[in-house]
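As provided, data.csv (CSV, C-alpha atoms and all ligand atoms) reads as follows.
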chain,number,residue,atom,x,y,z
L,1,MET,CA,227.7,73.8,269.4
L,2,ALA,CA,228.9,74.4,265.8
L,3,THR,CA,227.5,77.4,263.9
L,4,LEU,CA,225.4,77.1,260.8
L,5,ASN,CA,228.3,78.0,258.6
L,6,GLU,CA,230.7,75.6,260.3
L,7,LEU,CA,228.2,72.8,259.8
L,8,LEU,CA,227.6,73.7,256.1
L,9,ASP,CA,231.3,73.9,255.5
L,10,ASN,CA,231.8,70.5,257.1
L,11,PHE,CA,229.1,69.0,254.8
L,12,HIS,CA,230.7,70.6,251.8
L,13,GLU,CA,234.2,69.4,252.7
L,14,ILE,CA,233.0,65.8,253.2
L,15,ALA,CA,230.8,65.8,250.0
L,16,CYS,CA,233.8,67.1,248.0
L,17,SER,CA,236.5,64.8,249.4
L,18,PRO,CA,235.5,61.2,249.1
L,19,LYS,CA,239.1,60.1,248.7
L,20,LYS,CA,240.1,61.8,251.9
L,21,GLN,CA,237.2,60.1,253.7
L,22,LEU,CA,238.2,56.8,252.3
L,23,ASN,CA,241.8,57.2,253.4
L,24,ALA,CA,240.9,58.3,256.8
L,25,TYR,CA,238.7,55.2,257.4
L,26,VAL,CA,241.4,52.9,256.0
L,27,GLU,CA,244.0,54.6,258.3
L,28,GLN,CA,241.6,53.9,261.3
L,29,GLY,CA,241.9,50.2,260.3
L,30,LYS,CA,238.4,50.1,258.8
L,31,LYS,CA,237.5,48.2,255.7
L,32,VAL,CA,235.5,50.1,253.1
L,33,VAL,CA,233.1,48.6,250.5
L,34,ALA,CA,232.0,50.7,247.5
L,35,CYS,CA,228.3,50.7,246.8
L,36,VAL,CA,227.2,51.5,243.3
L,37,PRO,CA,223.7,53.0,242.6
L,38,VAL,CA,220.9,52.9,242.6
L,39,TYR,CA,220.1,50.6,245.6
L,40,THR,CA,222.8,48.6,247.2
L,41,PRO,CA,222.0,46.8,250.6
L,42,GLU,CA,224.2,49.1,252.6
L,43,GLU,CA,222.7,47.9,255.9
L,44,LEU,CA,224.1,44.4,255.2
L,45,ILE,CA,227.5,45.8,254.3
L,46,HIS,CA,227.5,48.0,257.4
L,47,SER,CA,226.5,45.1,259.6
L,48,MET,CA,229.6,43.2,258.7
L,49,GLY,CA,231.8,46.0,260.0
L,50,PHE,CA,232.5,47.7,256.7
L,51,VAL,CA,232.1,51.4,255.9
L,52,PRO,CA,229.7,51.4,252.9
L,53,MET,CA,230.8,54.2,250.5
L,54,GLY,CA,228.7,55.5,247.7
L,55,ALA,CA,230.2,55.3,244.2
L,56,TRP,CA,228.2,57.5,241.9
L,57,GLY,CA,231.0,58.5,239.6
L,58,ALA,CA,232.5,62.0,239.4
L,59,ASP,CA,232.6,65.0,237.0
L,60,ILE,CA,235.8,63.9,235.3
L,61,GLU,CA,237.1,63.5,231.8
L,62,LEU,CA,236.6,60.0,230.4
L,63,LYS,CA,239.5,58.3,228.7
L,64,GLU,CA,240.2,54.8,229.8
L,65,SER,CA,236.6,53.8,230.3
L,66,LYS,CA,236.0,54.5,226.6
L,67,LYS,CA,237.9,51.3,225.8
L,68,TYR,CA,235.2,49.3,227.7
L,69,PHE,CA,232.0,51.2,227.0
L,70,PRO,CA,230.3,52.5,223.9
L,71,ALA,CA,229.9,56.3,223.8
L,72,PHE,CA,226.1,56.1,224.3
L,73,ILE,CA,226.1,54.9,227.9
L,74,CYS,CA,225.5,57.0,230.9
L,75,SER,CA,228.4,59.0,232.3
L,76,ILE,CA,227.8,57.8,235.9
L,77,MET,CA,228.8,54.2,234.8
L,78,GLN,CA,231.6,55.5,232.7
L,79,SER,CA,233.1,57.7,235.4
L,80,ILE,CA,232.9,54.9,238.0
L,81,LEU,CA,235.0,52.7,235.8
L,82,GLU,CA,237.3,55.6,235.0
L,83,LEU,CA,237.9,56.2,238.7
L,84,GLY,CA,238.5,52.5,239.2
L,85,ILE,CA,241.1,52.3,236.4
L,86,LYS,CA,242.8,55.4,237.7
L,87,GLY,CA,243.2,53.9,241.2
L,88,GLU,CA,240.9,56.4,242.9
L,89,TYR,CA,239.3,53.5,244.8
L,90,LYS,CA,242.6,52.2,246.0
L,91,GLY,CA,242.1,50.9,249.6
L,92,ILE,CA,238.6,49.7,249.0
L,93,SER,CA,238.0,46.0,249.9
L,94,ALA,CA,235.3,45.2,247.3
L,95,ILE,CA,232.7,46.9,245.1
L,96,VAL,CA,229.0,45.8,245.1
L,97,ILE,CA,227.2,46.6,241.8
L,98,PRO,CA,223.5,46.0,241.5
L,99,SER,CA,221.7,44.9,238.4
L,100,LEU,CA,219.0,47.5,238.3
L,101,CYS,CA,219.5,48.7,234.7
L,102,ASP,CA,221.2,47.4,231.6
L,103,SER,CA,224.2,49.8,232.0
L,104,LEU,CA,224.8,48.6,235.5
L,105,LYS,CA,224.9,45.0,234.2
L,106,CYS,CA,227.7,45.9,231.8
L,107,LEU,CA,229.6,47.8,234.5
L,108,GLY,CA,230.1,44.7,236.6
L,109,GLN,CA,231.4,42.7,233.7
L,110,ASN,CA,233.8,45.4,232.6
L,111,TRP,CA,235.0,46.0,236.2
L,112,LYS,CA,236.2,42.4,236.4
L,113,TYR,CA,238.6,43.0,233.6
L,114,ALA,CA,239.5,46.6,234.0
L,115,VAL,CA,240.1,46.8,237.8
L,116,LYS,CA,241.4,43.4,238.8
L,117,ASP,CA,242.6,44.3,242.3
L,118,ILE,CA,239.1,45.3,243.7
L,119,PRO,CA,236.7,42.3,243.8
L,120,PHE,CA,233.4,42.9,242.0
L,121,ILE,CA,230.3,41.5,243.9
L,122,PRO,CA,227.1,41.4,241.9
L,123,MET,CA,223.7,42.1,243.5
L,124,THR,CA,221.0,40.7,241.4
L,125,TYR,CA,217.5,42.1,242.0
L,126,PRO,CA,214.3,40.6,240.7
L,127,GLN,CA,212.1,42.4,238.2
L,128,ASN,CA,209.0,41.5,240.2
L,129,ARG,CA,210.0,42.5,243.7
L,130,LYS,CA,206.6,42.6,245.4
L,131,PRO,CA,205.3,38.9,245.4
L,132,GLU,CA,206.6,36.4,247.9
L,133,SER,CA,208.8,34.8,245.1
L,134,GLY,CA,210.3,38.3,244.5
L,135,LYS,CA,211.1,38.7,248.1
L,136,LYS,CA,212.7,35.2,248.3
L,137,PHE,CA,214.8,36.1,245.2
L,138,THR,CA,216.0,39.3,246.8
L,139,LYS,CA,216.9,37.5,250.1
L,140,ALA,CA,218.8,34.8,248.2
L,141,SER,CA,220.7,37.6,246.3
L,142,TYR,CA,221.6,39.2,249.6
L,143,GLU,CA,222.9,35.8,250.9
L,144,ARG,CA,225.0,35.6,247.8
L,145,VAL,CA,226.5,39.1,248.5
L,146,ILE,CA,227.2,38.0,252.1
L,147,LYS,CA,229.0,34.9,250.9
L,148,ASP,CA,231.1,36.9,248.4
L,149,LEU,CA,231.9,39.6,251.0
L,150,GLU,CA,233.0,36.9,253.5
L,151,ALA,CA,235.2,35.2,250.9
L,152,ALA,CA,236.7,38.5,249.7
L,153,THR,CA,237.4,40.0,253.1
L,154,GLY,CA,237.4,37.2,255.8
L,155,GLU,CA,234.7,39.1,257.8
L,156,LYS,CA,231.6,37.3,259.1
L,157,PHE,CA,227.9,38.1,258.9
L,158,SER,CA,225.5,37.8,261.8
L,159,GLU,CA,221.8,38.4,261.9
L,160,ALA,CA,222.1,40.2,265.3
L,161,SER,CA,224.5,42.7,263.8
L,162,LEU,CA,222.2,43.2,260.9
L,163,ALA,CA,219.4,43.9,263.3
L,164,ARG,CA,221.4,46.8,264.8
L,165,SER,CA,222.4,48.1,261.3
L,166,ASN,CA,218.8,48.1,260.2
L,167,GLU,CA,218.0,50.3,263.2
L,168,ILE,CA,220.9,52.7,262.4
L,169,TYR,CA,219.7,53.0,258.8
L,170,ASN,CA,216.1,53.5,259.8
L,171,GLU,CA,217.2,56.3,262.2
L,172,HIS,CA,219.3,57.9,259.4
L,173,ASN,CA,216.3,57.7,257.0
L,174,GLY,CA,214.1,59.3,259.5
L,175,ALA,CA,216.6,62.1,260.1
L,176,MET,CA,217.0,62.8,256.4
L,177,ARG,CA,213.3,62.9,255.8
L,178,LYS,CA,212.9,65.3,258.7
L,179,LEU,CA,215.9,67.4,257.5
L,180,ALA,CA,214.4,67.6,254.0
L,181,GLU,CA,211.3,69.2,255.6
L,182,VAL,CA,213.4,71.6,257.6
L,183,LEU,CA,215.4,72.6,254.5
L,184,GLU,CA,212.1,73.4,252.7
L,185,GLN,CA,211.5,76.0,255.5
L,186,HIS,CA,214.9,77.5,254.9
L,187,PRO,CA,215.2,78.9,251.4
L,188,SER,CA,218.5,80.6,252.4
L,189,ILE,CA,220.2,77.2,252.2
L,190,THR,CA,221.5,77.1,248.6
L,191,ALA,CA,221.0,74.3,246.1
L,192,VAL,CA,224.7,73.5,246.3
L,193,GLN,CA,224.5,73.4,250.1
L,194,ARG,CA,221.4,71.1,249.9
L,195,ARG,CA,223.4,68.8,247.6
L,196,ASP,CA,226.3,68.7,250.0
L,197,ILE,CA,224.0,67.6,252.9
L,198,PHE,CA,222.7,64.7,250.9
L,199,LYS,CA,225.9,63.8,249.1
L,200,SER,CA,228.0,63.7,252.3
L,201,ALA,CA,225.9,60.8,253.5
L,202,TYR,CA,227.6,58.5,251.0
L,203,PHE,CA,231.0,59.1,252.4
L,204,MET,CA,230.3,58.7,256.1
L,205,ARG,CA,229.1,56.0,258.4
L,206,LYS,CA,225.4,56.6,258.7
L,207,GLU,CA,225.5,56.9,262.5
L,208,GLU,CA,228.0,59.8,262.1
L,209,HIS,CA,225.9,61.4,259.4
L,210,THR,CA,222.7,61.2,261.5
L,211,GLU,CA,224.6,63.1,264.2
L,212,LEU,CA,225.5,65.8,261.8
L,213,ALA,CA,222.0,66.0,260.4
L,214,ASN,CA,220.6,66.4,263.9
L,215,GLN,CA,223.0,69.1,264.7
L,216,LEU,CA,222.0,71.0,261.5
L,217,MET,CA,218.3,70.7,262.4
L,218,GLU,CA,219.0,72.0,265.9
L,219,VAL,CA,220.9,75.0,264.5
L,220,LEU,CA,218.3,75.7,261.8
L,221,SER,CA,215.6,75.7,264.4
L,222,GLN,CA,217.2,78.7,265.9
L,223,THR,CA,217.8,80.5,262.6
L,224,GLU,CA,215.5,83.1,261.5
L,225,GLU,CA,214.5,83.0,257.8
L,226,LYS,CA,214.0,86.2,255.9
L,227,GLU,CA,214.5,85.0,252.3
L,228,GLY,CA,211.7,83.9,250.0
L,229,LYS,CA,212.4,82.1,246.7
L,230,ILE,CA,210.5,80.4,243.9
L,231,LYS,CA,209.9,76.8,244.9
L,232,VAL,CA,210.5,73.9,242.5
L,233,ILE,CA,210.7,70.1,242.7
L,234,THR,CA,213.7,68.3,241.1
L,235,THR,CA,213.5,64.8,239.8
L,236,GLY,CA,216.1,62.5,238.2
L,237,ILE,CA,219.0,60.2,239.1
L,238,LEU,CA,221.5,62.8,240.1
L,239,ALA,CA,221.6,66.5,240.9
L,240,ASP,CA,225.3,66.8,241.7
L,241,SER,CA,226.8,69.3,239.3
L,242,GLU,CA,227.8,72.5,241.1
L,243,GLY,CA,227.7,74.6,237.9
L,244,LEU,CA,224.1,73.5,237.3
L,245,LEU,CA,222.9,73.9,240.9
L,246,LYS,CA,224.4,77.4,241.0
L,247,ILE,CA,221.9,78.4,238.3
L,248,PHE,CA,219.0,77.6,240.6
L,249,ASP,CA,220.5,80.0,243.2
L,250,GLU,CA,221.3,82.7,240.6
L,251,HIS,CA,217.7,82.8,239.6
L,252,GLY,CA,216.3,82.8,243.1
L,253,ILE,CA,214.9,79.3,242.8
L,254,GLN,CA,214.7,76.9,245.8
L,255,ILE,CA,214.6,73.1,245.6
L,256,ALA,CA,211.7,72.7,247.9
L,257,ALA,CA,211.7,68.9,247.7
L,258,ASP,CA,213.2,66.3,245.4
L,259,ASP,CA,212.5,63.0,243.7
L,260,VAL,CA,216.2,62.4,243.0
L,261,ALA,CA,217.6,58.9,243.2
L,262,HIS,CA,220.9,60.2,244.8
L,263,GLU,CA,218.9,62.2,247.4
L,264,SER,CA,215.4,61.6,248.8
L,265,ARG,CA,214.6,58.4,247.0
L,266,GLN,CA,217.1,56.7,249.2
L,267,TYR,CA,215.3,57.6,252.4
L,268,ARG,CA,211.6,56.9,251.7
L,269,THR,CA,211.4,53.3,252.9
L,270,ASP,CA,212.4,51.8,256.3
L,271,VAL,CA,213.1,48.2,257.2
L,272,ASN,CA,210.3,46.6,259.2
L,273,LEU,CA,212.1,45.8,262.4
L,274,GLU,CA,209.5,43.3,263.4
L,275,LEU,CA,210.7,40.9,260.7
L,276,GLU,CA,213.8,38.7,260.8
L,277,PRO,CA,216.7,41.1,259.8
L,278,LEU,CA,217.5,39.7,256.4
L,279,GLU,CA,213.9,39.2,255.5
L,280,GLY,CA,213.2,42.7,256.7
L,281,LEU,CA,215.8,44.0,254.3
L,282,ALA,CA,214.3,42.0,251.3
L,283,ASP,CA,210.8,43.2,252.4
L,284,LYS,CA,212.1,46.8,252.4
L,285,PHE,CA,213.2,46.5,248.8
L,286,SER,CA,209.8,45.0,247.9
L,287,ARG,CA,208.0,48.1,249.3
L,288,MET,CA,210.2,50.7,247.5
L,289,ASP,CA,208.4,52.5,244.7
L,290,HIS,CA,208.3,55.6,242.5
L,291,CYS,CA,211.6,55.1,240.8
L,292,SER,CA,212.6,54.6,237.2
L,293,VAL,CA,214.6,51.5,237.9
L,294,LEU,CA,211.9,49.8,240.0
L,295,TYR,CA,209.4,47.9,237.8
L,296,ASP,CA,206.0,49.5,237.9
L,297,PRO,CA,203.6,49.0,234.9
L,298,GLU,CA,201.3,51.8,236.3
L,299,LYS,CA,204.2,54.3,236.5
L,300,LYS,CA,202.9,55.8,239.7
L,301,ARG,CA,206.0,57.9,240.0
L,302,ALA,CA,204.4,60.5,237.7
L,303,GLY,CA,201.5,61.1,240.1
L,304,TYR,CA,203.9,61.0,243.0
L,305,ILE,CA,205.8,64.0,241.5
L,306,VAL,CA,202.6,65.9,240.9
L,307,ASP,CA,201.5,65.3,244.6
L,308,LEU,CA,205.0,66.4,245.8
L,309,ALA,CA,204.7,69.6,243.8
L,310,LYS,CA,201.2,70.3,245.3
L,311,LYS,CA,202.3,69.4,248.8
L,312,TYR,CA,205.1,71.9,248.8
L,313,LYS,CA,203.3,74.5,246.7
L,314,ALA,CA,206.1,74.3,244.1
L,315,LYS,CA,205.6,76.4,241.0
L,316,GLY,CA,207.3,73.9,238.7
L,317,VAL,CA,209.1,70.7,238.2
L,318,VAL,CA,212.7,70.5,236.9
L,319,VAL,CA,213.6,67.1,235.4
L,320,LEU,CA,217.4,66.6,235.5
L,321,LEU,CA,217.6,63.9,232.9
L,322,THR,CA,220.9,62.0,232.9
L,323,LYS,CA,222.1,61.6,229.3
L,324,PHE,CA,221.7,58.1,228.0
L,325,CYS,CA,219.7,56.9,231.0
L,326,ASP,CA,217.0,54.7,229.4
L,327,PRO,CA,214.9,54.2,232.5
L,328,GLU,CA,214.6,57.9,233.1
L,329,GLU,CA,213.9,58.7,229.5
L,330,PHE,CA,211.0,56.2,229.5
L,331,ASP,CA,209.5,57.8,232.6
L,332,TYR,CA,209.8,61.3,231.4
L,333,VAL,CA,206.9,60.9,229.0
L,334,MET,CA,204.6,60.0,231.8
L,335,ILE,CA,205.9,62.7,234.1
L,336,LYS,CA,205.4,65.4,231.5
L,337,LYS,CA,201.9,64.2,230.8
L,338,ALA,CA,201.0,64.2,234.5
L,339,CYS,CA,202.4,67.6,235.1
L,340,ASP,CA,200.8,69.1,232.0
L,341,GLY,CA,197.5,67.5,233.2
L,342,ALA,CA,197.8,69.1,236.6
L,343,GLY,CA,198.8,72.5,235.1
L,344,ILE,CA,202.3,72.4,236.7
L,345,PRO,CA,205.1,73.9,234.5
L,346,ILE,CA,207.8,71.4,233.7
L,347,ILE,CA,211.3,71.7,232.2
L,348,GLN,CA,213.7,69.0,231.2
L,349,MET,CA,217.5,69.6,231.4
L,350,GLU,CA,219.9,67.0,230.1
L,351,VAL,CA,222.7,66.4,232.6
L,352,ASP,CA,226.0,64.7,232.2
L,353,ARG,CA,229.1,64.2,234.3
L,354,GLN,CA,231.2,65.8,231.5
L,355,MET,CA,229.2,69.1,231.5
L,356,VAL,CA,231.5,72.1,231.5
L,357,ASN,CA,229.4,74.8,229.9
L,358,TYR,CA,226.2,75.8,231.7
L,359,GLU,CA,225.2,78.7,229.5
L,360,GLN,CA,222.4,76.8,227.7
L,361,ALA,CA,221.1,75.5,231.1
L,362,GLY,CA,221.2,79.1,232.4
L,363,THR,CA,219.1,80.3,229.5
L,364,MET,CA,216.6,77.5,229.9
L,365,MET,CA,216.3,78.2,233.6
L,366,GLU,CA,215.7,81.9,232.9
L,367,ALA,CA,213.0,81.1,230.4
L,368,PHE,CA,211.4,78.6,232.8
L,369,LYS,CA,211.5,81.2,235.6
L,370,ASP,CA,209.5,83.6,233.4
L,371,MET,CA,206.8,80.9,233.0
L,372,LEU,CA,206.5,80.3,236.8
C,1,LIG,S1,221.9,56.8,235.4
C,1,LIG,FE1,220.4,55.5,234.4
C,1,LIG,S2,221.5,54.3,232.9
C,1,LIG,FE2,223.0,55.1,234.4
C,1,LIG,S3,223.2,53.6,235.9
C,1,LIG,FE3,221.7,55.0,236.7
C,1,LIG,S4,219.7,54.0,236.0
C,1,LIG,FE4,221.4,53.1,234.8
Could you write out this file's structure as structure tokens?
Ligand code: SF4
Amino acid sequence: MATLNELLDNFHEIACSPKKQLNAYVEQGKKVVACVPVYTPEELIHSMGFVPMGAWGADIELKESKKYFPAFICSIMQSILELGIKGEYKGISAIVIPSLCDSLKCLGQNWKYAVKDIPFIPMTYPQNRKPESGKKFTKASYERVIKDLEAATGEKFSEASLARSNEIYNEHNGAMRKLAEVLEQHPSITAVQRRDIFKSAYFMRKEEHTELANQLMEVLSQTEEKEGKIKVITTGILADSEGLLKIFDEHGIQIAADDVAHESRQYRTDVNLELEPLEGLADKFSRMDHCSVLYDPEKKRAGYIVDLAKKYKAKGVVVLLTKFCDPEEFDYVMIKKACDGAGIPIIQMEVDRQMVNYEQAGTMMEAFKDML
């Protein structure tokens, strides 16, 4: 069995080398489909024999994408387009872009003109996802994605294959939920290592990632934990920047649990395997909650974060607010109010894929630590 360090190195290597992963799958004769955040029906893409690969942008300098986007749009969008224009997605068979926020809607339209050799497939989600009409709308949009994927690649969809993929994804969700609990018991796992574990899932087939997650849990179950750190909850779209995450470690702060779209938000809801496979997938989306891009007039996410902090006895909440992300900015007001009401210290840090200087973030974290 691999050692803890070997496993952590492996997660790190995969998380930091999406291009290598892409090339390896293409060399094996597999077709890869890029999946843009926040929720793309990966199960469906997986069921058609593709490797779904997460496309959440990268910490790179933006040049070409500026010709297509105004400066005040989130850097996740901008960097996805930049990578596309620079040929970093070469080898990918198609890109699926959901319509969950206004920026994402512009990305699809710009992609068509800027990256002509990779077909853009839109995934249109309903605003009201919970009523029967919403579920029907989601299902019809999935059918449109299937048709477009079939036309772009020649591959065929089957319900039987989707049933199997739904199972594989449920297993992976379960493993990731369990692993998050295990990591909470292991403060010696750094914030960067925790990020690697979550991030690597986007660049592997989920059955392979489940295997790695299970191995890690096995090894951690035999690892004695001596360290104790100050626990916090993170929330936001992305907690990817190594420079920023190192600040948590430098200050002896552990991410006990997260409400981050790129991390745990992906794994909260399973497909009901009792339903017809495609209906089950639409039903899964209808039951997803507590996310800035999922319509909720009651904004239950704020209470969810407070409950998360209480459950894990976290001393505070760190809001990693993606710059120019309207959905997250709107939610912040409610989250702050709820945390203040519950007496939980909260700090907001603006994050961006172009961040190079972390001094200000370090000072903020130091001041926050003193409050905890
Ligand atoms: S970070 Fe915010 S603005 Fe950017 S794509 Fe995600 S939800 Fe939309």
- prompt: ligand LIG 1 (chain C): which residues are within 12 Å, counting only C-alpha atoms and all ligand atoms, as a count of residues only?
  reply: 56
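Nearest residue to L:Leu220, choosing from L:Glu184, L:Asp270, L:Glu279, L:Glu155 and counting all atoms listed in the file: L:Glu184.
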Find the residues of stretch 217-292 of chain L that sit at most 8 Å from stretch 176-179 of chain L; for each, write down the nearest two atoms and how far apart they are in Å, to one decimal. Count only C-alpha atoms. Sort by chain, then by number going up, and give it as a tab-separated table.
residue	atom	partner	partner_atom	distance
L:Met217	CA	L:Leu179	CA	6.4
L:Ser264	CA	L:Arg177	CA	7.4
L:Tyr267	CA	L:Arg177	CA	6.6
L:Arg268	CA	L:Arg177	CA	7.5
- request: Please write as JSON, numbers by chain the list of polymer residues whose atoms come within 12 Å of (225.5, 76.8, 246.8), counting all atoms listed in the file and keeping to the coordinates of the file.
  value: {"L": [8, 9, 11, 12, 187, 188, 189, 190, 191, 192, 193, 194, 195, 196, 197, 240, 241, 242, 243, 244, 245, 246, 247, 248, 249, 250, 252, 253, 254, 255]}
- prompt: So how many Å separate atom CA of L:Thr3 and atom CA of L:His251, to one decimal?
  reply: 26.8 Å
query: Separation of atom CA of L:Lys86 and atom CA of L:Ser200, in Å?
result: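 For atom CA of L:Lys86 relative to atom CA of L:Ser200, the distance reads 22.4 Å.
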- request: Step by step: start from the point (241.3, 45.8, 235.8) in the file's coordinates, keep every protein, DNA or RNA residue that has an atom no farther than 10 Å from it, count only C-alpha atoms, and write the set as a ChimeraX atom specification.
  value: /L:81,84-87,110-119
From L:Leu7, L:Leu62, L:Val182, L:Ala338, residue lying nearest L:Lys299 [all atoms listed in the file]: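 The shortest atom-to-atom distance to L:Lys299 comes from L:Ala338.
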query: So what do you get for atom CA of L:Leu83 versus atom CA of L:Glu64, distance-wise?
result: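 Calculated distance between atom CA of L:Leu83 and atom CA of L:Glu64 is 9.3 Å.
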Contact residues around L:Pro277 with all atoms listed in the file at 8 Å, ignoring same-chain residues under 3 positions, as a ChimeraX atom specification: /L:159-160,162-163,166,273,280-281
Same residues, C-alpha atoms, output as a PDB file, in the coordinates of the input:
ATOM      1  CA  GLU L 159     221.800  38.400 261.900  1.00  0.00           C
ATOM      2  CA  ALA L 160     222.100  40.200 265.300  1.00  0.00           C
ATOM      3  CA  LEU L 162     222.200  43.200 260.900  1.00  0.00           C
ATOM      4  CA  ALA L 163     219.400  43.900 263.300  1.00  0.00           C
ATOM      5  CA  ASN L 166     218.800  48.100 260.200  1.00  0.00           C
ATOM      6  CA  LEU L 273     212.100  45.800 262.400  1.00  0.00           C
ATOM      7  CA  GLY L 280     213.200  42.700 256.700  1.00  0.00           C
ATOM      8  CA  LEU L 281     215.800  44.000 254.300  1.00  0.00           C
TER       9      LEU L 281
END
- prompt: Excluding same-chain residues fewer than 4 positions from L:Ala151, what lies within 12 Å of it counting all atoms listed in the file, as a count of residues only?
  reply: 12
message: What's around L:Asp340 at 12 Å? Count only C-alpha atoms, leave out sequence neighbours fewer than 6 positions away in its own chain, and write the answer as a list in words.
response: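 Listing them by chain and then by number gives Ala302, Gly303, Ile305, Val306, Gly316, Val317, Tyr332, Val333, Met334, Ile346 and Ile347 of chain L.
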Cut-off 12 Å: closest stretch 85-119 of chain L/stretch 21-24 of chain L atom pairs per residue, using only C-alpha atoms, as JSON lines:
{"residue": "L:Glu88", "atom": "CA", "partner": "L:Leu22", "partner_atom": "CA", "distance": 9.8}
{"residue": "L:Tyr89", "atom": "CA", "partner": "L:Leu22", "partner_atom": "CA", "distance": 8.3}
{"residue": "L:Lys90", "atom": "CA", "partner": "L:Leu22", "partner_atom": "CA", "distance": 9.0}
{"residue": "L:Gly91", "atom": "CA", "partner": "L:Asn23", "partner_atom": "CA", "distance": 7.4}
{"residue": "L:Ile92", "atom": "CA", "partner": "L:Leu22", "partner_atom": "CA", "distance": 7.8}
{"residue": "L:Ser93", "atom": "CA", "partner": "L:Leu22", "partner_atom": "CA", "distance": 11.1}
